[in-house]
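Participant: Got a structure for you, written out below as structure tokens; questions coming shortly.
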Amino acid sequence: MEQVNFINGQTRLYAIIGDPIEQVRSPEMITWELQQRGINGVLCPVHIAEPDFDRVLPELLKIRNMDGLIFTIPYKARALAHAQHIGPQAQVIGAFNAMVRQADGAWAGEMFDGLGCLEAFRRRGFRLNGQRLMLMGLGGAGMAIGAAMAAEHPRLMRVFDLDAARCERMAQTIARISPNTEVQIGKPDTQGMDVLLNATPIGMLGDTRMAIDASSLPAQLIVFDAIVKPELTPLLRLAEASGCRTVKGREMMGGQISRIVDFFIARGPELLS
């Protein structure tokens, strides 16, 4: 009988949880990284509907060979209630996207979205210091990206979300991290901006809507979209047609992979220091 060589009875389980889930690329990317490091583990997609999340997640955490979880839309903030320890990034943002079972059995969570986004920009050679940024969407990923961008000390950050409280919180976070950065709250605007960042789910999967009301974009703009699937979102298609440089969601995910796997395999109190 033929058999595969990457999963057996000793395999450690990891899962990515979201609603929807078919857009994620983490299963193949994280599993590949685990296998490359000689770790007998796989990451599986798990679709939990919103009404079931707080009932189903505690039961998943009881699975004895489940060592870690990744959270995507819309669970990055809701997951906080299920961790005993919260890392420094997650404390600032109020959300996390990875949780690991520590050696003592407690669960610890940390946020890697912002760090992954910064790494994607670094790999492309795009600087953020002194630049003018427009950030759309302030959910878990958007807050993380905003905090990470603020730490690069841009000249200006304009933020937008349908939730006014999120906008105020993001503005306060930016001011605390980078006091010299000018902060604006308002509808998406690309005039005078250097970088446009989309952290909303608009454009995901079969959604043909545009994340910003525009028929063209300034050619000097760098455009980032956190959406992983499709890789070329409506916003990124518009950006390319306008002659802009782009950074894709898959690049942000790639920037997170090694950090998340480090987090998964550390499993001790030092991982949150």
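Chains: A, B, ... in order of the structure tokens. Residues: from 1 per chain. Ligands: from 1, in order shown.
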Quick one: residues within 7 Å of Ala106 of chain A, only C-alpha atoms, excluding same-chain residues fewer than 3 positions away - as a list of chain:residue names?
Facilitator: A:Gln84, A:Arg101, A:Gln102
Participant: Can you tell me, as a PyMOL selection string, what residues are no more than 8 Å from Gly203 of chain A when counting only C-alpha atoms, ignoring any on the same chain fewer than 4 positions away?
Facilitator: chain A and resi 207-211+227+233-235
Participant: With C-alpha atoms kept, could you save the residues just selected as an mmCIF file, in the first residue's frame?
Facilitator:
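The resulting file, out_2.cif, is shown below:
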data_model
loop_
_atom_site.group_PDB
_atom_site.id
_atom_site.type_symbol
_atom_site.label_atom_id
_atom_site.label_comp_id
_atom_site.auth_asym_id
_atom_site.auth_seq_id
_atom_site.Cartn_x
_atom_site.Cartn_y
_atom_site.Cartn_z
ATOM 1 C CA ASP A 207 -15.812 40.230 -4.145
ATOM 2 C CA THR A 208 -15.347 42.541 -7.129
ATOM 3 C CA ARG A 209 -15.755 45.775 -5.155
ATOM 4 C CA MET A 210 -12.943 48.306 -4.929
ATOM 5 C CA ALA A 211 -11.542 49.147 -1.493
ATOM 6 C CA ILE A 227 -5.825 40.012 1.159
ATOM 7 C CA THR A 233 -7.245 41.918 -5.877
ATOM 8 C CA PRO A 234 -9.360 44.576 -7.651
ATOM 9 C CA LEU A 235 -7.332 47.232 -5.802
#
Participant: Counting only C-alpha atoms, what is within 8 Å of segment 114-123 of chain A, bar same-chain residues fewer than 3 positions away, as a JSON list (two decimals) with C-alpha atoms, in the first residue's frame?
Facilitator:
[["chain", "number", "residue", "atom", "x", "y", "z"],
["A", 111, "MET", "CA", 0.09, 39.24, 16.80],
["A", 126, "PHE", "CA", 10.37, 50.34, 0.34],
["A", 127, "ARG", "CA", 11.07, 52.71, 3.21],
["A", 141, "ALA", "CA", -4.90, 43.00, 10.98],
["A", 144, "ALA", "CA", -1.47, 45.52, 13.86],
["A", 145, "ILE", "CA", -0.33, 47.00, 10.56],
["A", 146, "GLY", "CA", -1.02, 50.52, 11.82],
["A", 147, "ALA", "CA", 1.00, 50.00, 14.99],
["A", 148, "ALA", "CA", 3.90, 48.47, 13.07],
["A", 149, "MET", "CA", 3.88, 51.28, 10.52],
["A", 247, "VAL", "CA", 2.98, 44.75, -2.24],
["A", 251, "GLU", "CA", 4.24, 38.80, 0.66],
["A", 252, "MET", "CA", 2.99, 39.84, 4.11],
["A", 253, "MET", "CA", 2.14, 36.22, 4.86],
["A", 254, "GLY", "CA", 5.62, 35.19, 3.74],
["A", 255, "GLY", "CA", 7.08, 37.75, 6.12],
["A", 256, "GLN", "CA", 5.19, 36.18, 9.01]]
Participant: Using DSSP on the backbone coordinates, identify all residues within segment 96-179 of chain A classified as strand (DSSP E or B); present the result as a ChimeraX atom specification.
Facilitator: /A:98-101,107-110,132-136,156-160
Participant: Rank A:Leu43, A:Ala199, A:Leu205, A:Gly243 by their smallest atom-to-atom distance to Ala219 of chain A, using only C-alpha atoms, and report the top residue only.
Facilitator: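 Looking only at the distances to Ala219 of chain A, the closest residue turns out to be A:Gly243.
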Participant: Quick check for you: according to DSSP on this backbone, which residues of segment 86-220 of chain A are classed as helix (DSSP H, G or I)? Reply as a CSV table (one decimal) with C-alpha atoms, in the first residue's frame.
Facilitator:
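Wrote it out as result19.csv, contents follow:
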chain,number,residue,atom,x,y,z
A,88,PRO,CA,3.3,42.6,23.8
A,89,GLN,CA,2.1,43.2,20.2
A,90,ALA,CA,-1.3,41.7,21.1
A,91,GLN,CA,-1.5,43.9,24.2
A,92,VAL,CA,-1.0,47.1,22.2
A,93,ILE,CA,-3.4,46.1,19.4
A,113,ASP,CA,0.4,40.7,11.0
A,114,GLY,CA,2.2,44.0,11.5
A,115,LEU,CA,5.6,42.4,11.7
A,116,GLY,CA,4.8,40.5,8.5
A,117,CYS,CA,3.8,43.6,6.7
A,118,LEU,CA,6.9,45.4,7.6
A,119,GLU,CA,9.0,42.5,6.5
A,120,ALA,CA,7.3,42.5,3.1
A,121,PHE,CA,8.1,46.2,2.7
A,122,ARG,CA,11.7,45.7,3.8
A,123,ARG,CA,12.2,42.9,1.4
A,124,ARG,CA,11.0,45.1,-1.5
A,140,GLY,CA,-7.2,43.0,14.0
A,141,ALA,CA,-4.9,43.0,11.0
A,142,GLY,CA,-5.4,46.7,10.4
A,143,MET,CA,-4.6,47.7,13.9
A,144,ALA,CA,-1.5,45.5,13.9
A,145,ILE,CA,-0.3,47.0,10.6
A,146,GLY,CA,-1.0,50.5,11.8
A,147,ALA,CA,1.0,50.0,15.0
A,148,ALA,CA,3.9,48.5,13.1
A,149,MET,CA,3.9,51.3,10.5
A,150,ALA,CA,3.8,53.9,13.3
A,164,ALA,CA,-15.4,55.5,14.7
A,165,ALA,CA,-14.2,54.0,18.0
A,166,ARG,CA,-11.5,52.0,16.1
A,167,CYS,CA,-10.3,55.1,14.4
A,168,GLU,CA,-9.9,57.0,17.7
A,169,ARG,CA,-8.1,54.0,19.2
A,170,MET,CA,-5.8,53.7,16.3
A,171,ALA,CA,-5.0,57.4,16.4
A,172,GLN,CA,-4.2,57.2,20.1
A,173,THR,CA,-1.9,54.2,19.4
A,174,ILE,CA,-0.1,56.0,16.6
A,175,ALA,CA,0.4,59.1,18.8
A,176,ARG,CA,1.8,57.0,21.6
A,177,ILE,CA,4.2,55.0,19.4
